[in-house]
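Colleague: Below: one structure in structure tokens.
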Amino acid sequence: ISVVNKVYKQYNFRPFTTVLDYGGGKYDKNKDYMKQYFVKVSVYDKYNRSEEENRLALSFAHYDYLVCSNVLNVIKEDEVIDEILKHMLSINADLYLFTVYEGDKSGKGKVTKKGYQRNQKLNFYYSLLEHYFSTVSNQKGILVCKK
């Protein structure tokens, strides 16, 4: 919830804002947390949600925000990240917000107790996102992108 809380505080989502939590996991903590602000959160997660839940999340014609928190940093293969970013571009949103966990910031990926961690600094992802989005900016640790 801390990442969603950070994004919420920074962007001050208004009531009835629509958010797609891309790679949001199997639990509804973020979705439930945002209900108090009357923010509609849908969750898409290829690996942790049912086909029906994912289909429903992707059926919205438009989202105000697509939030992708701590997903890119746990993927080892650049090709998989490329596929994810291409998929995100097929989703209509006004802004795409990315957060990443930088790990030890060494730039050397490794397996941890919780899975794989790229250990890349935020700027690494900035340069990666520039290939897919027309604008990318770092706003207080959140990478903000537009198509």
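In the structure tokens, the first chain shown is A, the next is B, and so on; residue numbers restart at 1 for each chain, and ligands run from 1 in the order shown.
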Give me the residues within 12 Å of Arg118 (chain A) as a list in words, counting only C-alpha atoms and dropping any in the same chain fewer than 6 places off.
Modeller: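 Using only C-alpha atoms, the neighbours found are Asn70, Val71, Leu72, Asn73, Val74, Ile75, Lys76, Glu77, Asp78, Ile81, Val100, Tyr101, Glu102, Gly103, Asp104, Lys105, Ser106, Gly107, Lys108, Gly109, Lys110, Val111, Thr112, Phe124 and Tyr125 of chain A.
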Colleague: So which residues touch Gln139 (chain A) within 12 Å, counting only C-alpha atoms, skipping near sequence neighbours fewer than 2 positions away, as a PyMOL selection string?
Modeller: chain A and resi 6-7+10-11+97-99+122+126+136-137+141-145
Colleague: Quick one: residues within 12 Å of Lys86 (chain A), only C-alpha atoms counted, chain neighbours fewer than 3 positions away excluded, as a list in words?
Modeller: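 Counting only C-alpha atoms, the residues come to Glu79, Val80, Ile81, Asp82, Glu83, Leu89, Ser90, Ile91, Leu129, His131, Tyr132, Phe133 and Lys147 of chain A.
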Colleague: Hey, what's within 7 Å of Phe38 (chain A) if we count only C-alpha atoms and toss same-chain stuff fewer than 4 positions away? As an MDAnalysis selection string, please?
Modeller: chainID A and resid 15:16 34
Colleague: For each of A:Glu51, A:Asp64, A:Asp45, A:Asp28, take the minimum atom-to-atom distance to Lys146 (chain A), counting only C-alpha atoms, then give the residue where this is smallest.
Modeller: A:Asp64
Colleague: Out of A:Tyr116, A:Tyr65, A:Phe60, A:Tyr33, which residue has the shortest atom-to-atom distance to Asp21 (chain A) when counting only C-alpha atoms?
Modeller: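 With only C-alpha atoms as the atom set, the closest residue is A:Tyr65.
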Colleague: Could you give me, as a PyMOL selection string, each residue of region 2-146 of chain A that DSSP assigns to helix (DSSP H, G or I) when run on this structure's backbone?
Modeller: chain A and resi 2-11+29-35+51-58+72-74+78-89+122-129
Colleague: Calculate how many Å separate CA of Tyr27 (chain A) from CA of His87 (chain A), rounding to one decimal.
Modeller: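 About the pair CA of Tyr27 (chain A) and CA of His87 (chain A): they are 22.1 Å apart.
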Colleague: What gap, in Å, lies between CA of Glu52 (chain A) and CA of Tyr8 (chain A)?
Modeller: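 Computing it gives 27.1 Å between the two atoms.
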Colleague: For the atom pair CA of Lys40 (chain A) and CA of Val19 (chain A), what is the interatomic distance in Å to one decimal place?
Modeller: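 Rounded to one decimal, the two atoms are 6.2 Å apart.
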Colleague: Taking only C-alpha atoms into account, which of A:Gln117, A:Asn54, A:Ser69, A:Asn123 comes nearest Ser42 (chain A)?
Modeller: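 Of the candidates, the smallest distance to Ser42 (chain A) is held by A:Asn54.
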Colleague: With distances taken over only C-alpha atoms, which residue among A:Tyr96, A:Lys121, A:Ser59, A:Gly115 lies nearest Thr135 (chain A)?
Modeller: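 Checking each of A:Tyr96, A:Lys121, A:Ser59, A:Gly115 against Thr135 (chain A), counting only C-alpha atoms, the winner is A:Tyr96.
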Colleague: From region 45-130 of chain A, collect each residue whose DSSP state is strand (DSSP E or B) and return the set as number ranges by chain.
Modeller: A: 63-69, 93-99, 110-112, 115-117
Colleague: For Tyr44 (chain A), work out the shell of residues within 8 Å, counting only C-alpha atoms and skipping chain neighbours fewer than 4 positions away, then give it as a PyMOL selection string.
Modeller: chain A and resi 20-25+49+53-54+57-58
